[in-house]
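Colleague: Below is the file run35.pdb, which contains PDB, C-alpha atoms and all ligand atoms.
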```pdb
MODEL        1
ATOM      1  CA  MET A1343      -0.844   1.526 -19.790
ATOM      2  CA  ASN A1344       0.328   2.286 -23.328
ATOM      3  CA  GLY A1345       0.298  -1.451 -24.018
ATOM      4  CA  VAL A1346      -3.354  -1.691 -23.008
ATOM      5  CA  LYS A1347      -4.209   1.376 -25.116
ATOM      6  CA  SER A1348      -2.581   0.092 -28.307
ATOM      7  CA  ASN A1349      -4.037  -3.399 -27.799
ATOM      8  CA  LEU A1350      -7.447  -1.793 -27.380
ATOM      9  CA  GLU A1351      -6.994   0.246 -30.590
ATOM     10  CA  ASP A1352      -5.968  -2.885 -32.493
ATOM     11  CA  ALA A1353      -8.947  -4.805 -31.114
ATOM     12  CA  ARG A1354     -11.329  -1.969 -32.069
ATOM     13  CA  LYS A1355      -9.918  -1.818 -35.614
ATOM     14  CA  ARG A1356     -10.258  -5.581 -35.959
ATOM     15  CA  HIS A1357     -13.850  -5.436 -34.767
ATOM     16  CA  GLU A1358     -14.624  -2.576 -37.183
ATOM     17  CA  ARG A1359     -13.045  -4.433 -40.098
ATOM     18  CA  LEU A1360     -14.981  -7.627 -39.328
ATOM     19  CA  SER A1361     -18.198  -5.618 -38.936
ATOM     20  CA  SER A1362     -17.713  -3.982 -42.343
ATOM     21  CA  GLU A1363     -17.019  -7.385 -43.933
ATOM     22  CA  PHE A1364     -20.001  -8.877 -42.171
ATOM     23  CA  ARG A1365     -22.741  -6.756 -43.829
ATOM     24  CA  PRO A1366     -21.911  -7.604 -47.470
ATOM     25  CA  ALA A1367     -21.348 -11.228 -46.433
ATOM     26  CA  VAL A1368     -24.861 -11.372 -44.968
ATOM     27  CA  ARG A1369     -26.284 -10.006 -48.244
ATOM     28  CA  LYS A1370     -24.449 -12.752 -50.157
ATOM     29  CA  SER A1371     -25.436 -15.341 -47.508
ATOM     30  CA  LYS A1372     -21.751 -16.195 -47.107
ATOM     31  CA  THR A1373     -21.015 -15.244 -43.517
ATOM     32  CA  GLY A1374     -19.037 -18.449 -42.798
ATOM     33  CA  SER A1375     -16.996 -17.973 -39.617
ATOM     34  CA  LEU A1376     -17.345 -14.183 -39.811
ATOM     35  CA  PHE A1377     -20.112 -14.051 -37.243
ATOM     36  CA  SER A1378     -18.138 -15.884 -34.523
ATOM     37  CA  GLU A1379     -14.971 -13.929 -35.412
ATOM     38  CA  LYS A1380     -16.858 -10.649 -35.141
ATOM     39  CA  HIS A1381     -18.377 -11.748 -31.827
ATOM     40  CA  ALA A1382     -14.943 -12.745 -30.444
ATOM     41  CA  ALA A1383     -13.463  -9.421 -31.599
ATOM     42  CA  GLN A1384     -16.228  -7.534 -29.815
ATOM     43  CA  GLN A1385     -15.622  -9.485 -26.607
ATOM     44  CA  GLU A1386     -11.925  -8.716 -26.821
ATOM     45  CA  VAL A1387     -12.734  -4.987 -27.171
ATOM     46  CA  GLN A1388     -14.939  -5.164 -24.072
ATOM     47  CA  ARG A1389     -12.308  -7.100 -22.110
ATOM     48  CA  LEU A1390      -9.632  -4.525 -22.956
ATOM     49  CA  GLU A1391     -11.977  -1.634 -22.151
ATOM     50  CA  ARG A1392     -12.513  -3.086 -18.663
ATOM     51  CA  LEU A1393      -8.766  -3.594 -18.313
ATOM     52  CA  GLU A1394      -8.113   0.006 -19.350
ATOM     53  CA  VAL A1395     -10.532   1.278 -16.684
ATOM     54  CA  ALA A1396      -8.831  -0.911 -14.053
ATOM     55  CA  VAL A1397      -5.377   0.319 -15.059
ATOM     56  CA  VAL A1398      -6.458   3.972 -14.905
ATOM     57  CA  GLU A1399      -8.032   3.447 -11.460
ATOM     58  CA  PHE A1400      -4.929   1.657 -10.212
ATOM     59  CA  ALA A1401      -2.696   4.504 -11.411
ATOM     60  CA  GLU A1402      -4.918   7.024  -9.601
ATOM     61  CA  ASP A1403      -4.854   4.966  -6.390
ATOM     62  CA  LEU A1404      -1.089   4.772  -6.631
ATOM     63  CA  ARG A1405      -0.784   8.527  -7.143
ATOM     64  CA  SER A1406      -2.954   9.345  -4.131
ATOM     65  CA  ALA A1407      -1.109   6.758  -1.988
ATOM     66  CA  CYS A1408       2.143   8.421  -3.024
ATOM     67  CA  SER A1409       1.040  11.929  -2.064
ATOM     68  CA  MET A1410      -0.418  10.622   1.218
ATOM     69  CA  THR A1411       2.917   9.030   2.090
ATOM     70  CA  ARG A1412       4.710  12.272   1.232
ATOM     71  CA  ASP A1413       2.395  14.125   3.635
ATOM     72  CA  LEU A1414       3.145  11.626   6.395
ATOM     73  CA  LEU A1415       6.884  12.087   5.887
ATOM     74  CA  CYS A1416       6.717  15.865   6.238
ATOM     75  CA  CYS A1417       7.991  16.940   9.676
ATOM     76  CA  PRO A1418       5.207  18.925  11.445
ATOM     77  CA  THR A1419       7.810  21.083  13.195
ATOM     78  CA  CYS A1420      10.251  22.128  10.482
ATOM     79  CA  LYS A1421       8.440  20.900   7.320
ATOM     80  CA  GLN A1422      11.459  18.938   6.162
ATOM     81  CA  VAL A1423      10.876  15.501   4.682
ATOM     82  CA  ALA A1424      11.987  12.486   6.698
ATOM     83  CA  ASN A1425      13.803   9.582   5.125
ATOM     84  CA  PRO A1426      11.144   7.052   4.044
ATOM     85  CA  VAL A1427      13.522   4.110   4.542
ATOM     86  CA  HIS A1428      15.359   4.918   7.791
ATOM     87  CA  GLU A1429      12.999   7.278   9.605
ATOM     88  CA  PHE A1430       9.576   5.894   8.787
ATOM     89  CA  GLN A1431       8.024   2.790  10.327
ATOM     90  CA  VAL A1432       4.646   1.302   9.608
ATOM     91  CA  GLY A1433       2.897  -0.751  12.257
ATOM     92  CA  ASP A1434      -0.440  -2.489  12.299
ATOM     93  CA  GLY A1435      -2.594   0.360  10.960
ATOM     94  CA  THR A1436      -0.274   2.926  12.533
ATOM     95  CA  PHE A1437       2.955   4.661  11.608
ATOM     96  CA  GLN A1438       5.828   6.335  13.419
ATOM     97  CA  CYS A1439       8.214   8.826  11.926
ATOM     98  CA  LYS A1440      11.274  10.530  13.352
ATOM     99  CA  TYR A1441      13.078  13.273  11.525
ATOM    100  CA  SER A1442      16.696  13.170  12.637
ATOM    101  CA  GLY A1443      17.309  16.737  11.449
ATOM    102  CA  CYS A1444      15.325  18.295  14.311
ATOM    103  CA  GLY A1445      14.518  15.240  16.458
ATOM    104  CA  THR A1446      10.758  15.531  16.113
ATOM    105  CA  THR A1447       8.818  12.295  16.312
ATOM    106  CA  TRP A1448       5.251  11.957  15.097
ATOM    107  CA  GLY A1449       2.836   9.292  14.037
ATOM    108  CA  THR A1450      -0.367   7.551  14.912
ATOM    109  CA  ARG A1451      -1.072   5.264  17.836
ATOM    110  CA  LEU A1452      -3.851   2.827  18.473
ATOM    111  CA  CYS A1453      -5.394   2.810  21.941
ATOM    112  CA  ARG A1454      -6.681  -0.404  23.497
ATOM    113  CA  CYS A1455     -10.153   1.192  23.265
ATOM    114  CA  GLY A1456      -9.800   1.024  19.486
ATOM    115  CA  LYS A1457      -9.332   4.764  18.954
ATOM    116  CA  PRO A1458      -6.480   5.672  16.624
ATOM    117  CA  TYR A1459      -4.940   9.039  17.431
ATOM    118  CA  ALA A1460      -2.072  11.203  16.307
ATOM    119  CA  SER A1461       0.859  12.044  18.511
ATOM    120  CA  MET A1462       3.980  14.105  18.132
ATOM    121  CA  LEU A1463       6.838  15.433  20.204
ATOM    122  CA  PRO A1464       8.707  18.446  18.829
ATOM    123  CA  SER A1465      12.043  17.440  20.327
ATOM    124  CA  GLY A1466      11.428  13.727  20.395
ATOM    125  CA  LYS A1467      11.880  13.873  24.194
ATOM    126  CA  PHE A1468       9.377  13.745  27.002
ATOM    127  CA  ALA A1469       9.752  16.333  29.729
ATOM    128  CA  GLU A1470       9.215  15.841  33.461
ATOM    129  CA  PRO A1471       5.824  17.416  34.251
ATOM    130  CA  VAL A1472       6.588  17.602  37.991
ATOM    131  CA  ALA A1473       9.400  20.035  37.416
ATOM    132  CA  LEU A1474       7.364  22.162  35.071
ATOM    133  CA  GLY A1475       4.171  22.558  37.105
ATOM    134  CA  ALA A1476       0.541  22.759  36.042
ATOM    135  CA  GLY A1477      -0.200  23.494  32.420
ATOM    136  CA  TRP A1478       3.291  22.411  31.509
ATOM    137  CA  GLU A1479       2.210  20.532  28.434
ATOM    138  CA  ASP A1480       0.477  23.552  26.918
ATOM    139  CA  ARG A1481       3.468  25.767  27.592
ATOM    140  CA  LEU A1482       5.933  23.245  26.384
ATOM    141  CA  TYR A1483       4.216  21.976  23.311
ATOM    142  CA  GLY A1484       1.436  24.457  22.638
ATOM    143  CA  CYS A1485      -0.605  23.742  19.562
ATOM    144  CA  ASP A1486       2.144  21.490  18.240
ATOM    145  CA  LEU A1487       0.981  18.779  20.551
ATOM    146  CA  LEU A1488      -1.739  16.409  19.498
ATOM    147  CA  ALA A1489      -2.102  13.800  22.237
ATOM    148  CA  ILE A1490      -0.808  14.674  25.711
ATOM    149  CA  PRO A1491       2.228  12.728  26.877
ATOM    150  CA  ALA A1492       2.138  11.066  30.292
ATOM    151  CA  ARG A1493       3.893   8.357  32.257
ATOM    152  CA  ALA A1494       2.257   4.963  32.167
ATOM    153  CA  ALA A1495       1.992   2.741  35.291
ATOM    154  CA  ASN A1496       5.210   0.981  34.321
ATOM    155  CA  GLY A1497       7.020   4.316  34.381
ATOM    156  CA  GLU A1498       7.465   4.544  30.639
ATOM    157  CA  TRP A1499       6.494   7.661  28.741
ATOM    158  CA  SER A1500       3.506   7.368  26.477
ATOM    159  CA  PHE A1501       0.444   9.357  25.443
ATOM    160  CA  VAL A1502      -3.049   9.903  26.810
ATOM    161  CA  CYS A1503      -5.763   8.585  24.503
ATOM    162  CA  PRO A1504      -8.008  11.600  23.672
ATOM    163  CA  GLU A1505     -10.993   9.240  23.550
ATOM    164  CA  CYS A1506     -10.869   7.247  26.803
ATOM    165  CA  GLY A1507      -8.081   9.004  28.733
ATOM    166  CA  GLU A1508      -6.055   5.844  29.143
ATOM    167  CA  ILE A1509      -2.290   6.057  28.827
ATOM    168  CA  SER A1510      -1.487   3.771  25.968
TER     169      SER A1510
HETATM  170 ZN    ZN A1601      11.559  18.828  11.910
HETATM  171 ZN    ZN A1602      -8.536   4.996  24.267
ENDMDL
END
```
Spell out the structure here as C-alpha cells.

Modeller:
Amino acid sequence: MNGVKSNLEDARKRHERLSSEFRPAVRKSKTGSLFSEKHAAQQEVQRLERLEVAVVEFAEDLRSACSMTRDLLCCPTCKQVANPVHEFQVGDGTFQCKYSGCGTTWGTRLCRCGKPYASMLPSGKFAEPVALGAGWEDRLYGCDLLAIPARAANGEWSFVCPECGEIS
C-alpha cells in the first residue's frame, strides 16, 4: 500500500515537472521527446491511481472477511471464540464449528432443495425425542435452536430443513 502511494507521488511529480517543462518548450518550438515523455508520465499516473483504488478495495474486502470469520467463530452459547484451525471447518459453501470449551456445535447446512440454513446444538449432542415427549425440542433448546434436529431414515441424527421439511 505504501509502495503504491509513494510510486504514485513520484509519478505525479514527474508528470508535473514534464508539464512545466513542456509549456516553455512549446513556445520555443523545441518540444523534442517531451510530448511523448509527458504522455507516458500521465499514463503511469493513471495506472497507479487505478492500482491504488484496487489496493484500497482489496484491503477493505479483507477487513470485512476477517470480521465475518470472527463472528462465525464466536460460540452462540457462551460467546467464547473457537479455534479457527482445529474447531472450524469450511465445506462447499457451508461451515461447521465446534467449540470444545462447552461442546456447542454450530454452522450452516445445505439442503438438497438448495436452501442453506443455520443449525446449532448447545451441547453438541442430540437428545432422544421419544423420551422427552411433545415439544421436547422447544424445551430443550428454546430459542438457541435454529433448525430442528431429527433422525433421518438411516437412523442418523440430522436437521429438518426449514424450507422443505426434509431431514438433510
Ligand atoms: Zn460455548
Ligand atoms: Zn430443503

Colleague: I'd like to know which of A:Trp1448, A:Phe1400, A:Phe1377, A:Phe1437 is closest to ligand ZN 1601 (chain A), using only C-alpha atoms and all ligand atoms.

Modeller: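 Comparing A:Trp1448, A:Phe1400, A:Phe1377, A:Phe1437 against ligand ZN 1601 (chain A), the winner is A:Trp1448.
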
Colleague: Please extract the residues at most 9 Å from ligand ZN 1601 (chain A), counting all atoms listed in the file, and provide them as JSON, numbers by chain, using the chain letters and residue numbers of this document.

Modeller: {"A": [1416, 1417, 1418, 1419, 1420, 1421, 1422, 1423, 1424, 1440, 1441, 1442, 1443, 1444, 1445, 1446, 1447, 1464, 1465]}

Colleague: How would the residues just chosen look if you wrote them out with C-alpha atoms as a PDB file, keeping the file's coordinate frame?

Modeller:
```pdb
ATOM      1  CA  CYS A1416       6.717  15.865   6.238  1.00  0.00           C
ATOM      2  CA  CYS A1417       7.991  16.940   9.676  1.00  0.00           C
ATOM      3  CA  PRO A1418       5.207  18.925  11.445  1.00  0.00           C
ATOM      4  CA  THR A1419       7.810  21.083  13.195  1.00  0.00           C
ATOM      5  CA  CYS A1420      10.251  22.128  10.482  1.00  0.00           C
ATOM      6  CA  LYS A1421       8.440  20.900   7.320  1.00  0.00           C
ATOM      7  CA  GLN A1422      11.459  18.938   6.162  1.00  0.00           C
ATOM      8  CA  VAL A1423      10.876  15.501   4.682  1.00  0.00           C
ATOM      9  CA  ALA A1424      11.987  12.486   6.698  1.00  0.00           C
ATOM     10  CA  LYS A1440      11.274  10.530  13.352  1.00  0.00           C
ATOM     11  CA  TYR A1441      13.078  13.273  11.525  1.00  0.00           C
ATOM     12  CA  SER A1442      16.696  13.170  12.637  1.00  0.00           C
ATOM     13  CA  GLY A1443      17.309  16.737  11.449  1.00  0.00           C
ATOM     14  CA  CYS A1444      15.325  18.295  14.311  1.00  0.00           C
ATOM     15  CA  GLY A1445      14.518  15.240  16.458  1.00  0.00           C
ATOM     16  CA  THR A1446      10.758  15.531  16.113  1.00  0.00           C
ATOM     17  CA  THR A1447       8.818  12.295  16.312  1.00  0.00           C
ATOM     18  CA  PRO A1464       8.707  18.446  18.829  1.00  0.00           C
ATOM     19  CA  SER A1465      12.043  17.440  20.327  1.00  0.00           C
TER      20      SER A1465
END
```

Colleague: Could you make a table, as a tab-separated table, of the residues of chain A that have an atom within 8 Å of an atom of ligand ZN 1602 (chain A), each with its nearest atom pair and distance in Å to one decimal, counting only C-alpha atoms and all ligand atoms, in chain and number order?

Modeller:
```
residue	atom	partner	partner_atom	distance
A:Leu1452	CA	A:ZN1602	ZN	7.8
A:Cys1453	CA	A:ZN1602	ZN	4.5
A:Arg1454	CA	A:ZN1602	ZN	5.8
A:Cys1455	CA	A:ZN1602	ZN	4.3
A:Gly1456	CA	A:ZN1602	ZN	6.3
A:Lys1457	CA	A:ZN1602	ZN	5.4
A:Pro1458	CA	A:ZN1602	ZN	7.9
A:Val1502	CA	A:ZN1602	ZN	7.8
A:Cys1503	CA	A:ZN1602	ZN	4.5
A:Pro1504	CA	A:ZN1602	ZN	6.7
A:Glu1505	CA	A:ZN1602	ZN	5.0
A:Cys1506	CA	A:ZN1602	ZN	4.1
A:Gly1507	CA	A:ZN1602	ZN	6.0
A:Glu1508	CA	A:ZN1602	ZN	5.5
A:Ile1509	CA	A:ZN1602	ZN	7.8
A:Ser1510	CA	A:ZN1602	ZN	7.4
```

Colleague: I'd like the neighbourhood of A:Val1432 as a VMD selection string, where a residue qualifies if any of its atoms comes within 10 Å (using all atoms listed in the file), though same-chain residues fewer than 4 positions away should be ignored.

Modeller: chain A and resid 1436 to 1439 1449 to 1450

Colleague: Give me a file of those residues, with C-alpha atoms, as a CSV table (one decimal), in the frame of the given file.

Modeller:
```csv
chain,number,residue,atom,x,y,z
A,1436,THR,CA,-0.3,2.9,12.5
A,1437,PHE,CA,3.0,4.7,11.6
A,1438,GLN,CA,5.8,6.3,13.4
A,1439,CYS,CA,8.2,8.8,11.9
A,1449,GLY,CA,2.8,9.3,14.0
A,1450,THR,CA,-0.4,7.6,14.9
```

Colleague: What residues come out when you apply the PyMOL selection byres (((chain A and resi 1390) around 12) and not hetatm) to this file, written as a list of chain:residue names?

Modeller: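 Evaluating the PyMOL selection byres (((chain A and resi 1390) around 12) and not hetatm) on this file yields A:Met1343, A:Gly1345, A:Val1346, A:Lys1347, A:Ser1348, A:Asn1349, A:Leu1350, A:Glu1351, A:Asp1352, A:Ala1353, A:Arg1354, A:Ala1383, A:Gln1384, A:Gln1385, A:Glu1386, A:Val1387, A:Gln1388, A:Arg1389, A:Glu1391, A:Arg1392, A:Leu1393, A:Glu1394, A:Val1395, A:Ala1396, A:Val1397.
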
Colleague: Next, the residues of the selection above should be written as a JSON list (two decimals), in the frame of the given file with C-alpha atoms.

Modeller:
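part.json was written with the following content:
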```json
[["chain", "number", "residue", "atom", "x", "y", "z"],
["A", 1343, "MET", "CA", -0.84, 1.53, -19.79],
["A", 1345, "GLY", "CA", 0.30, -1.45, -24.02],
["A", 1346, "VAL", "CA", -3.35, -1.69, -23.01],
["A", 1347, "LYS", "CA", -4.21, 1.38, -25.12],
["A", 1348, "SER", "CA", -2.58, 0.09, -28.31],
["A", 1349, "ASN", "CA", -4.04, -3.40, -27.80],
["A", 1350, "LEU", "CA", -7.45, -1.79, -27.38],
["A", 1351, "GLU", "CA", -6.99, 0.25, -30.59],
["A", 1352, "ASP", "CA", -5.97, -2.88, -32.49],
["A", 1353, "ALA", "CA", -8.95, -4.80, -31.11],
["A", 1354, "ARG", "CA", -11.33, -1.97, -32.07],
["A", 1383, "ALA", "CA", -13.46, -9.42, -31.60],
["A", 1384, "GLN", "CA", -16.23, -7.53, -29.82],
["A", 1385, "GLN", "CA", -15.62, -9.48, -26.61],
["A", 1386, "GLU", "CA", -11.92, -8.72, -26.82],
["A", 1387, "VAL", "CA", -12.73, -4.99, -27.17],
["A", 1388, "GLN", "CA", -14.94, -5.16, -24.07],
["A", 1389, "ARG", "CA", -12.31, -7.10, -22.11],
["A", 1391, "GLU", "CA", -11.98, -1.63, -22.15],
["A", 1392, "ARG", "CA", -12.51, -3.09, -18.66],
["A", 1393, "LEU", "CA", -8.77, -3.59, -18.31],
["A", 1394, "GLU", "CA", -8.11, 0.01, -19.35],
["A", 1395, "VAL", "CA", -10.53, 1.28, -16.68],
["A", 1396, "ALA", "CA", -8.83, -0.91, -14.05],
["A", 1397, "VAL", "CA", -5.38, 0.32, -15.06]]
```

Colleague: What does the distance between atom CA of A:Met1410 and atom CA of A:Phe1430 come to in Å, to one decimal place?

Modeller: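 So the two atoms, atom CA of A:Met1410 and atom CA of A:Phe1430, lie 13.4 Å apart.
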
Colleague: Record the distance separating atom CA of A:Ala1367 and atom CA of A:Ala1382, expressed in Å with one decimal.

Modeller: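 If I compute the distance from atom CA of A:Ala1367 to atom CA of A:Ala1382, I get 17.3 Å.
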
Colleague: Which centre and edge lengths in Å to one decimal define the box along x, y and z that fits every listed atom of stretch 1408-1425 of chain A plus 5 Å per side, as lines of an AutoDock Vina configuration file?

Modeller:
```
center_x = 6.7
center_y = 15.3
center_z = 5.1
size_x = 24.2
size_y = 23.7
size_z = 26.2
```

Colleague: So, with all atoms listed in the file as the atoms that count, which of A:Asn1425, A:Phe1501, A:Ser1371, A:Ala1495 lies closest to A:Met1462?

Modeller: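 Distance minimum relative to A:Met1462 lands on A:Phe1501.
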
Colleague: May I ask for the distance between atom CA of A:Gly1435 and atom CA of A:Leu1463, given in Å to one decimal place?

Modeller: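 Separating atom CA of A:Gly1435 from atom CA of A:Leu1463 is a distance of 20.0 Å.
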